[in-house]
$ cat query-v7.pdb   # PDB, C-alpha atoms (C1' of nucleotides)
ATOM      1  CA  MET A   1      -0.020  -0.210  15.301
ATOM      2  CA  LYS A   2      -2.414  -1.239  12.618
ATOM      3  CA  LYS A   3      -2.673   0.474   9.302
ATOM      4  CA  ASN A   4      -5.970   1.887   8.224
ATOM      5  CA  ALA A   5      -5.592   0.180   4.863
ATOM      6  CA  ILE A   6      -7.205   2.910   2.823
ATOM      7  CA  GLU A   7      -6.487   2.126  -0.758
ATOM      8  CA  HIS A   8      -7.980   3.757  -3.776
ATOM      9  CA  THR A   9      -7.231   6.982  -1.977
ATOM     10  CA  ARG A  10      -7.341   9.129  -5.067
ATOM     11  CA  LEU A  11     -10.748   7.771  -6.018
ATOM     12  CA  LEU A  12     -12.116   8.667  -2.607
ATOM     13  CA  VAL A  13     -10.539  12.112  -2.560
ATOM     14  CA  LEU A  14     -11.704  12.984  -6.060
ATOM     15  CA  SER A  15     -15.218  11.755  -5.372
ATOM     16  CA  LEU A  16     -15.487  14.011  -2.319
ATOM     17  CA  LEU A  17     -15.037  17.039  -4.544
ATOM     18  CA  VAL A  18     -17.973  16.280  -6.824
ATOM     19  CA  GLY A  19     -20.433  19.167  -6.617
ATOM     20  CA  GLU A  20     -18.621  20.921  -3.798
ATOM     21  CA  ASP A  21     -15.223  22.481  -3.212
ATOM     22  CA  MET A  22     -13.652  21.373   0.047
ATOM     23  CA  TYR A  23     -10.599  22.077   2.133
ATOM     24  CA  GLY A  24      -8.329  19.352   3.453
ATOM     25  CA  TYR A  25      -9.484  19.088   6.995
ATOM     26  CA  GLN A  26     -13.095  19.089   5.847
ATOM     27  CA  MET A  27     -12.406  16.200   3.505
ATOM     28  CA  ILE A  28     -11.072  14.095   6.338
ATOM     29  CA  VAL A  29     -14.189  14.763   8.403
ATOM     30  CA  GLU A  30     -16.516  14.205   5.454
ATOM     31  CA  LEU A  31     -14.812  10.982   4.432
ATOM     32  CA  ALA A  32     -15.185   9.628   7.946
ATOM     33  CA  ARG A  33     -18.838  10.635   8.024
ATOM     34  CA  ARG A  34     -19.721   9.206   4.620
ATOM     35  CA  SER A  35     -17.909   5.944   5.312
ATOM     36  CA  ASN A  36     -19.340   5.583   8.801
ATOM     37  CA  HIS A  37     -15.764   5.897  10.131
ATOM     38  CA  THR A  38     -14.415   3.038   8.069
ATOM     39  CA  PHE A  39     -12.006   5.562   6.569
ATOM     40  CA  ASP A  40     -10.238   7.741   9.079
ATOM     41  CA  MET A  41      -7.756   9.215   6.680
ATOM     42  CA  LYS A  42      -4.639  10.690   8.194
ATOM     43  CA  GLU A  43      -3.357  14.146   7.353
ATOM     44  CA  GLY A  44      -0.037  12.620   6.414
ATOM     45  CA  THR A  45      -1.917  10.657   3.766
ATOM     46  CA  LEU A  46      -4.267  13.306   2.466
ATOM     47  CA  TYR A  47      -2.094  16.358   1.979
ATOM     48  CA  PRO A  48       0.567  14.721  -0.183
ATOM     49  CA  VAL A  49      -2.204  13.168  -2.284
ATOM     50  CA  LEU A  50      -3.885  16.560  -2.739
ATOM     51  CA  HIS A  51      -0.594  18.124  -3.796
ATOM     52  CA  GLY A  52      -0.089  15.357  -6.312
ATOM     53  CA  LEU A  53      -3.590  15.773  -7.727
ATOM     54  CA  GLU A  54      -2.961  19.500  -8.030
ATOM     55  CA  GLN A  55       0.301  18.967  -9.890
ATOM     56  CA  GLU A  56      -1.467  16.702 -12.341
ATOM     57  CA  GLY A  57      -4.168  19.291 -12.893
ATOM     58  CA  PHE A  58      -6.978  17.165 -11.444
ATOM     59  CA  VAL A  59      -7.759  19.732  -8.767
ATOM     60  CA  GLU A  60      -7.161  23.457  -8.383
ATOM     61  CA  ALA A  61      -6.488  25.113  -5.061
ATOM     62  CA  TYR A  62      -7.451  28.563  -3.862
ATOM     63  CA  ARG A  63      -7.276  30.228  -0.487
ATOM     64  CA  GLN A  64     -10.341  31.636   1.143
ATOM     65  CA  GLU A  65     -10.991  33.135   4.518
ATOM     66  CA  ALA A  66     -13.551  31.439   6.722
ATOM     67  CA  PRO A  67     -16.096  33.494   8.704
ATOM     68  CA  SER A  68     -14.012  32.668  11.750
ATOM     69  CA  GLY A  69     -11.134  34.585  10.221
ATOM     70  CA  ARG A  70      -9.055  31.471   9.559
ATOM     71  CA  GLU A  71      -7.708  30.926   6.114
ATOM     72  CA  ARG A  72      -8.561  27.694   4.378
ATOM     73  CA  LYS A  73      -7.205  26.098   1.236
ATOM     74  CA  TYR A  74     -10.068  24.924  -0.906
ATOM     75  CA  TYR A  75      -9.770  22.384  -3.684
ATOM     76  CA  HIS A  76     -11.862  22.383  -6.828
ATOM     77  CA  LEU A  77     -12.308  19.415  -9.161
ATOM     78  CA  THR A  78     -11.257  20.379 -12.693
ATOM     79  CA  ARG A  79     -12.679  18.994 -15.911
ATOM     80  CA  LYS A  80      -9.549  16.897 -16.228
ATOM     81  CA  GLY A  81     -10.123  15.677 -12.693
ATOM     82  CA  GLN A  82     -13.647  14.638 -13.577
ATOM     83  CA  GLY A  83     -12.223  12.479 -16.313
ATOM     84  CA  ALA A  84      -9.741  10.946 -13.925
ATOM     85  CA  LEU A  85     -12.552  10.266 -11.477
ATOM     86  CA  ARG A  86     -14.556   8.448 -14.129
ATOM     87  CA  GLU A  87     -11.558   6.246 -14.879
ATOM     88  CA  GLU A  88     -10.828   5.554 -11.234
ATOM     89  CA  LYS A  89     -14.456   4.675 -10.707
ATOM     90  CA  GLN A  90     -14.394   2.181 -13.550
ATOM     91  CA  ALA A  91     -11.159   0.712 -12.223
ATOM     92  CA  TRP A  92     -12.767   0.329  -8.815
ATOM     93  CA  GLU A  93     -15.842  -1.364 -10.235
ATOM     94  CA  ARG A  94     -13.715  -3.769 -12.221
ATOM     95  CA  TYR A  95     -11.536  -4.449  -9.204
ATOM     96  CA  ALA A  96     -14.416  -4.963  -6.780
ATOM     97  CA  GLY A  97     -16.245  -7.146  -9.270
ATOM     98  CA  ALA A  98     -13.178  -9.294  -9.789
ATOM     99  CA  VAL A  99     -12.669  -9.763  -6.046
ATOM    100  CA  ASN A 100     -16.292 -10.847  -5.679
ATOM    101  CA  ASP A 101     -15.906 -13.194  -8.638
ATOM    102  CA  VAL A 102     -12.904 -14.838  -7.013
ATOM    103  CA  LEU A 103     -14.707 -15.106  -3.680
ATOM    104  CA  ARG A 104     -17.589 -16.824  -5.433
ATOM    105  CA  GLY A 105     -15.192 -19.231  -7.112
ATOM    106  CA  GLY A 106     -15.040 -17.629 -10.534
ATOM    107  CA  ALA A 107     -17.274 -15.483 -12.716
ATOM    108  CA  GLU A 108     -18.784 -18.437 -14.528
ATOM    109  CA  ALA A 109     -19.255 -20.608 -11.464
ATOM    110  CA  GLU A 110     -22.472 -22.589 -11.359
ATOM    111  CA  PRO A 111     -25.212 -20.686  -9.553
ATOM    112  CA  VAL A 112     -26.419 -22.000  -6.207
TER     113      VAL A 112
ATOM    114  CA  MET B   1       6.147   0.635 -14.961
ATOM    115  CA  LYS B   2       2.673   0.314 -13.618
ATOM    116  CA  LYS B   3       1.810  -1.760 -10.630
ATOM    117  CA  ASN B   4      -0.866  -4.341 -10.911
ATOM    118  CA  ALA B   5      -2.490  -2.981  -7.775
ATOM    119  CA  ILE B   6      -3.608  -6.271  -6.330
ATOM    120  CA  GLU B   7      -4.565  -5.531  -2.804
ATOM    121  CA  HIS B   8      -6.324  -7.805  -0.387
ATOM    122  CA  THR B   9      -3.864 -10.403  -1.596
ATOM    123  CA  ARG B  10      -4.274 -12.661   1.377
ATOM    124  CA  LEU B  11      -8.039 -12.682   0.993
ATOM    125  CA  LEU B  12      -7.711 -13.772  -2.612
ATOM    126  CA  VAL B  13      -5.087 -16.403  -1.893
ATOM    127  CA  LEU B  14      -7.003 -17.873   1.025
ATOM    128  CA  SER B  15     -10.249 -17.934  -0.930
ATOM    129  CA  LEU B  16      -8.624 -19.913  -3.722
ATOM    130  CA  LEU B  17      -7.930 -22.729  -1.292
ATOM    131  CA  VAL B  18     -11.544 -23.215  -0.242
ATOM    132  CA  GLY B  19     -12.576 -26.757  -1.125
ATOM    133  CA  GLU B  20      -9.401 -27.565  -3.008
ATOM    134  CA  ASP B  21      -5.694 -27.768  -2.288
ATOM    135  CA  MET B  22      -3.585 -25.967  -4.845
ATOM    136  CA  TYR B  23       0.052 -25.373  -5.699
ATOM    137  CA  GLY B  24       1.491 -21.951  -6.314
ATOM    138  CA  TYR B  25       1.640 -21.861 -10.042
ATOM    139  CA  GLN B  26      -1.884 -23.221 -10.224
ATOM    140  CA  MET B  27      -3.126 -20.452  -7.960
ATOM    141  CA  ILE B  28      -1.754 -17.795 -10.280
ATOM    142  CA  VAL B  29      -3.486 -19.390 -13.255
ATOM    143  CA  GLU B  30      -6.719 -19.920 -11.344
ATOM    144  CA  LEU B  31      -6.764 -16.383  -9.990
ATOM    145  CA  ALA B  32      -6.354 -15.002 -13.501
ATOM    146  CA  ARG B  33      -9.143 -17.226 -14.773
ATOM    147  CA  ARG B  34     -11.600 -16.476 -11.992
ATOM    148  CA  SER B  35     -10.965 -12.746 -12.214
ATOM    149  CA  ASN B  36     -11.118 -12.674 -16.000
ATOM    150  CA  HIS B  37      -7.444 -11.593 -15.969
ATOM    151  CA  THR B  38      -8.027  -8.609 -13.734
ATOM    152  CA  PHE B  39      -5.542 -10.184 -11.341
ATOM    153  CA  ASP B  40      -2.340 -11.393 -12.936
ATOM    154  CA  MET B  41      -0.499 -12.063  -9.730
ATOM    155  CA  LYS B  42       3.263 -12.222  -9.964
ATOM    156  CA  GLU B  43       5.307 -15.055  -8.519
ATOM    157  CA  GLY B  44       7.307 -12.518  -6.563
ATOM    158  CA  THR B  45       4.067 -11.554  -4.872
ATOM    159  CA  LEU B  46       2.526 -14.946  -4.325
ATOM    160  CA  TYR B  47       5.335 -17.054  -2.926
ATOM    161  CA  PRO B  48       6.299 -14.731  -0.085
ATOM    162  CA  VAL B  49       2.616 -14.402   0.820
ATOM    163  CA  LEU B  50       2.198 -18.185   0.877
ATOM    164  CA  HIS B  51       5.250 -18.560   3.117
ATOM    165  CA  GLY B  52       3.803 -15.954   5.458
ATOM    166  CA  LEU B  53       0.440 -17.685   5.594
ATOM    167  CA  GLU B  54       2.209 -20.955   6.322
ATOM    168  CA  GLN B  55       4.189 -19.430   9.177
ATOM    169  CA  GLU B  56       0.996 -18.110  10.705
ATOM    170  CA  GLY B  57      -0.602 -21.522  10.443
ATOM    171  CA  PHE B  58      -3.287 -20.450   7.978
ATOM    172  CA  VAL B  59      -2.131 -22.933   5.368
ATOM    173  CA  GLU B  60      -0.152 -26.176   5.426
ATOM    174  CA  ALA B  61       2.172 -27.241   2.679
ATOM    175  CA  TYR B  62       2.986 -30.723   1.416
ATOM    176  CA  ARG B  63       4.897 -31.982  -1.567
ATOM    177  CA  GLN B  64       3.305 -34.275  -4.075
ATOM    178  CA  GLU B  65       4.433 -35.674  -7.362
ATOM    179  CA  ALA B  66       2.385 -34.842 -10.430
ATOM    180  CA  PRO B  67       1.592 -37.552 -13.016
ATOM    181  CA  SER B  68       4.194 -35.849 -15.202
ATOM    182  CA  GLY B  69       6.847 -36.678 -12.620
ATOM    183  CA  ARG B  70       7.300 -33.095 -11.508
ATOM    184  CA  GLU B  71       7.073 -32.313  -7.853
ATOM    185  CA  ARG B  72       4.573 -29.726  -6.730
ATOM    186  CA  LYS B  73       4.094 -27.978  -3.422
ATOM    187  CA  TYR B  74       0.454 -28.053  -2.480
ATOM    188  CA  TYR B  75      -1.157 -25.768   0.059
ATOM    189  CA  HIS B  76      -4.069 -26.734   2.268
ATOM    190  CA  LEU B  77      -6.328 -24.298   4.120
ATOM    191  CA  THR B  78      -6.295 -25.048   7.847
ATOM    192  CA  ARG B  79      -9.155 -24.487  10.284
ATOM    193  CA  LYS B  80      -7.302 -21.454  11.533
ATOM    194  CA  GLY B  81      -6.980 -20.263   7.966
ATOM    195  CA  GLN B  82     -10.722 -20.625   7.500
ATOM    196  CA  GLY B  83     -11.224 -18.277  10.419
ATOM    197  CA  ALA B  84      -8.783 -15.801   8.948
ATOM    198  CA  LEU B  85     -10.602 -16.010   5.633
ATOM    199  CA  ARG B  86     -13.921 -15.218   7.307
ATOM    200  CA  GLU B  87     -12.391 -12.142   8.896
ATOM    201  CA  GLU B  88     -10.733 -10.987   5.697
ATOM    202  CA  LYS B  89     -14.024 -11.433   3.889
ATOM    203  CA  GLN B  90     -15.866  -9.297   6.408
ATOM    204  CA  ALA B  91     -13.157  -6.650   6.202
ATOM    205  CA  TRP B  92     -13.492  -6.658   2.443
ATOM    206  CA  GLU B  93     -17.256  -6.290   2.571
ATOM    207  CA  ARG B  94     -17.022  -3.434   5.001
ATOM    208  CA  TYR B  95     -14.324  -1.814   2.900
ATOM    209  CA  ALA B  96     -16.157  -2.202  -0.416
ATOM    210  CA  GLY B  97     -19.405  -1.011   1.133
ATOM    211  CA  ALA B  98     -17.716   2.065   2.527
ATOM    212  CA  VAL B  99     -16.140   2.934  -0.820
ATOM    213  CA  ASN B 100     -19.529   2.661  -2.487
ATOM    214  CA  ASP B 101     -21.082   4.784   0.242
ATOM    215  CA  VAL B 102     -18.524   7.503  -0.351
ATOM    216  CA  LEU B 103     -19.023   7.325  -4.113
ATOM    217  CA  ARG B 104     -22.747   7.768  -3.592
ATOM    218  CA  GLY B 105     -22.115  10.764  -1.373
ATOM    219  CA  GLY B 106     -22.588   9.106   1.982
ATOM    220  CA  ALA B 107     -24.525   6.192   3.396
ATOM    221  CA  GLU B 108     -27.498   8.288   4.380
ATOM    222  CA  ALA B 109     -27.583  10.405   1.237
ATOM    223  CA  GLU B 110     -31.030  11.156  -0.121
ATOM    224  CA  PRO B 111     -32.154   8.635  -2.717
ATOM    225  CA  VAL B 112     -32.486   9.812  -6.296
TER     226      VAL B 112
ATOM    227  C1'  DT C   1      18.612 -29.348 -29.628
ATOM    228  C1'  DG C   2      16.365 -25.323 -28.620
ATOM    229  C1'  DA C   3      12.381 -23.016 -27.166
ATOM    230  C1'  DC C   4       8.763 -22.755 -24.272
ATOM    231  C1'  DA C   5       5.709 -23.720 -20.414
ATOM    232  C1'  DT C   6       5.843 -25.294 -15.934
ATOM    233  C1'  DA C   7       7.347 -24.746 -11.062
ATOM    234  C1'  DC C   8       9.622 -22.745  -7.161
ATOM    235  C1'  DC C   9      12.389 -19.125  -4.881
ATOM    236  C1'  DT C  10      14.523 -14.560  -3.150
ATOM    237  C1'  DA C  11      17.061 -10.039  -3.129
ATOM    238  C1'  DG C  12      16.357  -5.510  -4.029
ATOM    239  C1'  DT C  13      13.229  -1.667  -5.480
ATOM    240  C1'  DA C  14       9.284   1.367  -5.622
ATOM    241  C1'  DA C  15       4.999   3.013  -4.155
ATOM    242  C1'  DG C  16       1.882   4.295  -0.889
ATOM    243  C1'  DA C  17       0.009   5.083   3.623
ATOM    244  C1'  DC C  18       1.387   5.626   7.912
ATOM    245  C1'  DT C  19       3.756   7.875  12.373
ATOM    246  C1'  DA C  20       5.676  11.618  14.295
ATOM    247  C1'  DT C  21       6.406  16.116  14.449
ATOM    248  C1'  DG C  22       6.173  20.988  13.417
ATOM    249  C1'  DT C  23       3.649  25.407  12.790
ATOM    250  C1'  DA C  24      -0.279  28.381  13.797
ATOM    251  C1'  DT C  25      -5.022  30.114  15.030
ATOM    252  C1'  DA C  26      -9.802  29.880  17.165
ATOM    253  C1'  DA C  27     -12.825  28.156  20.599
ATOM    254  C1'  DT C  28     -13.616  26.457  24.968
ATOM    255  C1'  DA C  29     -12.773  25.027  29.682
ATOM    256  C1'  DA C  30     -10.646  25.589  34.098
TER     257       DA C  30
ATOM    258  C1'  DT D   1      -5.873  34.228  32.455
ATOM    259  C1'  DT D   2      -4.183  30.082  31.120
ATOM    260  C1'  DA D   3      -4.519  25.552  29.420
ATOM    261  C1'  DT D   4      -6.537  22.471  26.474
ATOM    262  C1'  DT D   5      -8.830  21.155  22.570
ATOM    263  C1'  DA D   6     -10.240  21.520  17.791
ATOM    264  C1'  DT D   7      -9.101  23.416  13.603
ATOM    265  C1'  DA D   8      -5.864  23.701   9.602
ATOM    266  C1'  DC D   9      -1.847  22.871   6.845
ATOM    267  C1'  DA D  10       2.613  20.655   6.017
ATOM    268  C1'  DT D  11       6.603  17.284   5.565
ATOM    269  C1'  DA D  12      10.430  14.046   6.860
ATOM    270  C1'  DG D  13      11.115   9.500   7.830
ATOM    271  C1'  DT D  14       9.335   4.688   8.447
ATOM    272  C1'  DC D  15       7.051   0.494   7.288
ATOM    273  C1'  DT D  16       4.464  -2.597   4.605
ATOM    274  C1'  DT D  17       3.603  -4.661   0.376
ATOM    275  C1'  DA D  18       3.638  -5.717  -4.364
ATOM    276  C1'  DC D  19       6.619  -5.461  -7.860
ATOM    277  C1'  DT D  20      10.954  -6.219 -10.967
ATOM    278  C1'  DA D  21      14.617  -8.859 -11.974
ATOM    279  C1'  DG D  22      17.074 -12.524 -11.538
ATOM    280  C1'  DG D  23      18.109 -17.427 -10.351
ATOM    281  C1'  DT D  24      17.334 -22.723 -10.486
ATOM    282  C1'  DA D  25      15.302 -26.740 -12.498
ATOM    283  C1'  DT D  26      12.161 -30.046 -15.114
ATOM    284  C1'  DG D  27       8.847 -31.599 -18.756
ATOM    285  C1'  DT D  28       7.006 -31.010 -23.535
ATOM    286  C1'  DC D  29       7.143 -30.185 -28.228
ATOM    287  C1'  DA D  30       8.924 -28.686 -32.711
TER     288       DA D  30
END

$ encode --input "query-v7.pdb" --output "structure tokens"
Amino acid sequence: MKKNAIEHTRLLVLSLLVGEDMYGYQMIVELARRSNHTFDMKEGTLYPVLHGLEQEGFVEAYRQEAPSGRERKYYHLTRKGQGALREEKQAWERYAGAVNDVLRGGAEAEPV
Amino acid sequence: MKKNAIEHTRLLVLSLLVGEDMYGYQMIVELARRSNHTFDMKEGTLYPVLHGLEQEGFVEAYRQEAPSGRERKYYHLTRKGQGALREEKQAWERYAGAVNDVLRGGAEAEPV
DNA sequence: TGACATACCTAGTAAGACTATGTATAATAA
DNA sequence: TTATTATACATAGTCTTACTAGGTATGTCA
């Protein structure tokens, strides 16, 4: 079986929580939607990551009952988490830029 | 200790060999240069990857003596390797695009 | 001569994302 | 009514991959 190769998982998870609290299952669905199904994150990936983010104080969890009667565990992005997101974002931009530089043969390569 | 977090290693390694054969040590130096030292690939990462690419027929190795008298092991990108590079490139573009989509809140998010 | 850069290699470790499995409830289909 | 599916959370164990740490060896320069 092939791996989904989702890296930068924390960046993606944190960015989902901007402006809206979400519960785990919802995040999986949303991530798939926003990425046009490039990222089909597995539960076995997401939940441990969420627990880690909570332990570090980047997100806060609270339980809330859905209209259906089911209980859901919502996650809220803390101020500290917003800072972490900013850093992860910068790291991603640097990383992606560097990959593109290498693909083009180096940042200072002669323009075509 | 922190990991360097170089992913898409094969993409980077293959792309270095476009238009020029290189030896391992040179690839590490070149990769650092082209990425403005974002990627300081370790020998323990590179050499196993090169051996894997060779086994799959994506690169071919040959030994050649440098003017200094030292022997170097050069790697050449095969036709098959060029195909693999094309695929890895497309995967990267899809991946990077999807990350950016998620960061923006979804591909079809309303423009600001 | 000693230190450093060059040049290659591999065994073992650590991290991260996965598979597989478990629990449980609500909605829907048969 | 019963079975199946979707929802919802969780974790143990596996696998891949990049890393650390160590080894070997040669050329250059102080």

$ resolve_selection --input "query-v7.pdb" --expression "the PyMOL selection byres ((chain A) within 12 of (chain D))" --output "number ranges by chain"
A: 1-5, 23-29, 43-48, 50-51, 63, 65-66, 68-74

$ resolve_selection --input "query-v7.pdb" --expression "the PyMOL selection byres ((chain A and resi 102) around 9)" --output "PDB file with C-alpha atoms, in the frame of the given file"
ATOM      1  CA  GLY A  97     -16.245  -7.146  -9.270  1.00  0.00           C
ATOM      2  CA  ALA A  98     -13.178  -9.294  -9.789  1.00  0.00           C
ATOM      3  CA  VAL A  99     -12.669  -9.763  -6.046  1.00  0.00           C
ATOM      4  CA  ASN A 100     -16.292 -10.847  -5.679  1.00  0.00           C
ATOM      5  CA  ASP A 101     -15.906 -13.194  -8.638  1.00  0.00           C
ATOM      6  CA  LEU A 103     -14.707 -15.106  -3.680  1.00  0.00           C
ATOM      7  CA  ARG A 104     -17.589 -16.824  -5.433  1.00  0.00           C
ATOM      8  CA  GLY A 105     -15.192 -19.231  -7.112  1.00  0.00           C
ATOM      9  CA  GLY A 106     -15.040 -17.629 -10.534  1.00  0.00           C
ATOM     10  CA  ALA A 107     -17.274 -15.483 -12.716  1.00  0.00           C
TER      11      ALA A 107
ATOM     12  CA  LEU B  12      -7.711 -13.772  -2.612  1.00  0.00           C
ATOM     13  CA  SER B  15     -10.249 -17.934  -0.930  1.00  0.00           C
ATOM     14  CA  LEU B  16      -8.624 -19.913  -3.722  1.00  0.00           C
ATOM     15  CA  LEU B  31      -6.764 -16.383  -9.990  1.00  0.00           C
ATOM     16  CA  ARG B  33      -9.143 -17.226 -14.773  1.00  0.00           C
ATOM     17  CA  ARG B  34     -11.600 -16.476 -11.992  1.00  0.00           C
ATOM     18  CA  SER B  35     -10.965 -12.746 -12.214  1.00  0.00           C
TER      19      SER B  35
END

$ atom_distance --input "query-v7.pdb" --atom1 "atom CA of Glu88 of chain A" --atom2 "atom CA of Arg86 of chain B"
28.0 Å

$ residues_around --input "query-v7.pdb" --residues "Glu54 of chain A" --least-positions-apart "3" --cutoff "10 Å" --atoms "only C-alpha atoms (C1' of nucleotides)" --output "JSON, numbers by chain"
{"A": [48, 49, 50, 51, 57, 58, 59, 60, 61, 75, 76, 77, 78, 81]}

$ calpha_fit_and_write --input "query-v7.pdb" --fixed "chain B" --moving "chain A" --output "short mmCIF file (atom, residue, chain, number, x, y, z; two decimals) with C-alpha atoms, in the coordinates of the input"
data_model
loop_
_atom_site.label_atom_id
_atom_site.label_comp_id
_atom_site.auth_asym_id
_atom_site.auth_seq_id
_atom_site.Cartn_x
_atom_site.Cartn_y
_atom_site.Cartn_z
CA MET A 1 5.84 0.14 -15.61
CA LYS A 2 2.46 0.05 -14.02
CA LYS A 3 1.68 -1.88 -10.91
CA ASN A 4 -1.04 -4.45 -10.98
CA ALA A 5 -2.51 -2.97 -7.82
CA ILE A 6 -3.64 -6.24 -6.31
CA GLU A 7 -4.57 -5.51 -2.77
CA HIS A 8 -6.34 -7.78 -0.38
CA THR A 9 -3.90 -10.39 -1.59
CA ARG A 10 -4.31 -12.65 1.39
CA LEU A 11 -8.08 -12.67 0.99
CA LEU A 12 -7.74 -13.75 -2.62
CA VAL A 13 -5.12 -16.39 -1.89
CA LEU A 14 -7.05 -17.87 1.02
CA SER A 15 -10.29 -17.93 -0.95
CA LEU A 16 -8.64 -19.91 -3.75
CA LEU A 17 -7.95 -22.73 -1.32
CA VAL A 18 -11.56 -23.23 -0.29
CA GLY A 19 -12.58 -26.78 -1.17
CA GLU A 20 -9.39 -27.57 -3.05
CA ASP A 21 -5.69 -27.76 -2.29
CA MET A 22 -3.58 -25.94 -4.84
CA TYR A 23 0.05 -25.35 -5.67
CA GLY A 24 1.50 -21.91 -6.26
CA TYR A 25 1.66 -21.82 -9.99
CA GLN A 26 -1.87 -23.19 -10.20
CA MET A 27 -3.14 -20.42 -7.96
CA ILE A 28 -1.74 -17.78 -10.26
CA VAL A 29 -3.47 -19.36 -13.25
CA GLU A 30 -6.72 -19.89 -11.36
CA LEU A 31 -6.76 -16.35 -10.00
CA ALA A 32 -6.33 -14.97 -13.50
CA ARG A 33 -9.10 -17.20 -14.80
CA ARG A 34 -11.57 -16.44 -12.03
CA SER A 35 -10.93 -12.70 -12.24
CA ASN A 36 -11.07 -12.62 -16.02
CA HIS A 37 -7.40 -11.54 -15.98
CA THR A 38 -7.98 -8.55 -13.75
CA PHE A 39 -5.52 -10.15 -11.34
CA ASP A 40 -2.33 -11.37 -12.92
CA MET A 41 -0.50 -12.03 -9.71
CA LYS A 42 3.26 -12.18 -9.93
CA GLU A 43 5.31 -15.00 -8.47
CA GLY A 44 7.30 -12.46 -6.51
CA THR A 45 4.04 -11.50 -4.83
CA LEU A 46 2.50 -14.90 -4.28
CA TYR A 47 5.30 -17.00 -2.87
CA PRO A 48 6.25 -14.69 -0.01
CA VAL A 49 2.56 -14.38 0.87
CA LEU A 50 2.16 -18.17 0.91
CA HIS A 51 5.19 -18.53 3.16
CA GLY A 52 3.75 -15.96 5.51
CA LEU A 53 0.37 -17.70 5.62
CA GLU A 54 2.15 -20.96 6.36
CA GLN A 55 4.12 -19.44 9.22
CA GLU A 56 0.92 -18.14 10.74
CA GLY A 57 -0.68 -21.55 10.46
CA PHE A 58 -3.37 -20.47 7.98
CA VAL A 59 -2.18 -22.95 5.36
CA GLU A 60 -0.19 -26.17 5.45
CA ALA A 61 2.16 -27.23 2.69
CA TYR A 62 2.98 -30.70 1.45
CA ARG A 63 4.92 -31.95 -1.53
CA GLN A 64 3.35 -34.23 -4.05
CA GLU A 65 4.52 -35.62 -7.33
CA ALA A 66 2.47 -34.79 -10.40
CA PRO A 67 1.71 -37.47 -13.03
CA SER A 68 4.29 -35.73 -15.18
CA GLY A 69 6.92 -36.60 -12.61
CA ARG A 70 7.37 -33.01 -11.46
CA GLU A 71 7.12 -32.27 -7.80
CA ARG A 72 4.62 -29.69 -6.68
CA LYS A 73 4.11 -27.95 -3.37
CA TYR A 74 0.46 -28.03 -2.46
CA TYR A 75 -1.17 -25.76 0.07
CA HIS A 76 -4.09 -26.74 2.27
CA LEU A 77 -6.36 -24.30 4.10
CA THR A 78 -6.35 -25.08 7.83
CA ARG A 79 -9.21 -24.53 10.24
CA LYS A 80 -7.37 -21.49 11.51
CA GLY A 81 -7.06 -20.30 7.93
CA GLN A 82 -10.79 -20.65 7.44
CA GLY A 83 -11.30 -18.33 10.37
CA ALA A 84 -8.86 -15.84 8.92
CA LEU A 85 -10.67 -16.04 5.60
CA ARG A 86 -13.99 -15.25 7.25
CA GLU A 87 -12.45 -12.18 8.87
CA GLU A 88 -10.78 -11.01 5.69
CA LYS A 89 -14.05 -11.45 3.85
CA GLN A 90 -15.89 -9.31 6.37
CA ALA A 91 -13.15 -6.69 6.19
CA TRP A 92 -13.48 -6.66 2.41
CA GLU A 93 -17.24 -6.29 2.54
CA ARG A 94 -16.97 -3.43 5.00
CA TYR A 95 -14.27 -1.80 2.91
CA ALA A 96 -16.09 -2.17 -0.40
CA GLY A 97 -19.33 -0.97 1.14
CA ALA A 98 -17.63 2.08 2.57
CA VAL A 99 -16.04 2.97 -0.77
CA ASN A 100 -19.43 2.72 -2.46
CA ASP A 101 -20.98 4.83 0.29
CA VAL A 102 -18.40 7.55 -0.27
CA LEU A 103 -18.88 7.39 -4.04
CA ARG A 104 -22.61 7.84 -3.53
CA GLY A 105 -21.99 10.81 -1.26
CA GLY A 106 -22.49 9.13 2.08
CA ALA A 107 -24.42 6.17 3.46
CA GLU A 108 -27.42 8.25 4.43
CA ALA A 109 -27.53 10.33 1.27
CA GLU A 110 -30.98 11.04 -0.09
CA PRO A 111 -32.03 8.42 -2.63
CA VAL A 112 -32.37 9.45 -6.26
#

$ closest_atom_pairs --input "query-v7.pdb" --of "chain C" --to "chain B" --cutoff "10 Å" --atoms "all atoms listed in the file" --output "CSV"
residue,atom,partner,partner_atom,distance
C:DT6,C1',B:Tyr25,CA,8.0
C:DA7,C1',B:Tyr25,CA,6.5
C:DC8,C1',B:Gly24,CA,8.2
C:DC9,C1',B:Tyr47,CA,7.6
C:DT10,C1',B:Gly44,CA,8.2
C:DA14,C1',B:Lys3,CA,9.5
C:DA15,C1',B:Lys3,CA,8.7

$ atom_distance --input "query-v7.pdb" --atom1 "atom CA of Ala32 of chain B" --atom2 "atom CA of Gln90 of chain B"
22.8 Å

$ closest_residue --input "query-v7.pdb" --among "A:Thr38, A:Gly19, A:Gln64, A:Gly83" --to "chain B" --atoms "all atoms listed in the file"
A:Thr38

$ closest_residue --input "query-v7.pdb" --among "B:Asp21, B:Lys89, B:Ala84, B:Asp40" --to "chain A" --atoms "all atoms listed in the file"
B:Lys89

$ atom_distance --input "query-v7.pdb" --atom1 "atom CA of Leu53 of chain B" --atom2 "atom CA of Leu17 of chain B"
12.0 Å

$ closest_residue --input "query-v7.pdb" --among "B:Gly52, B:Arg79, B:Met22, B:Asn36" --to "chain A" --atoms "all atoms listed in the file"
B:Asn36
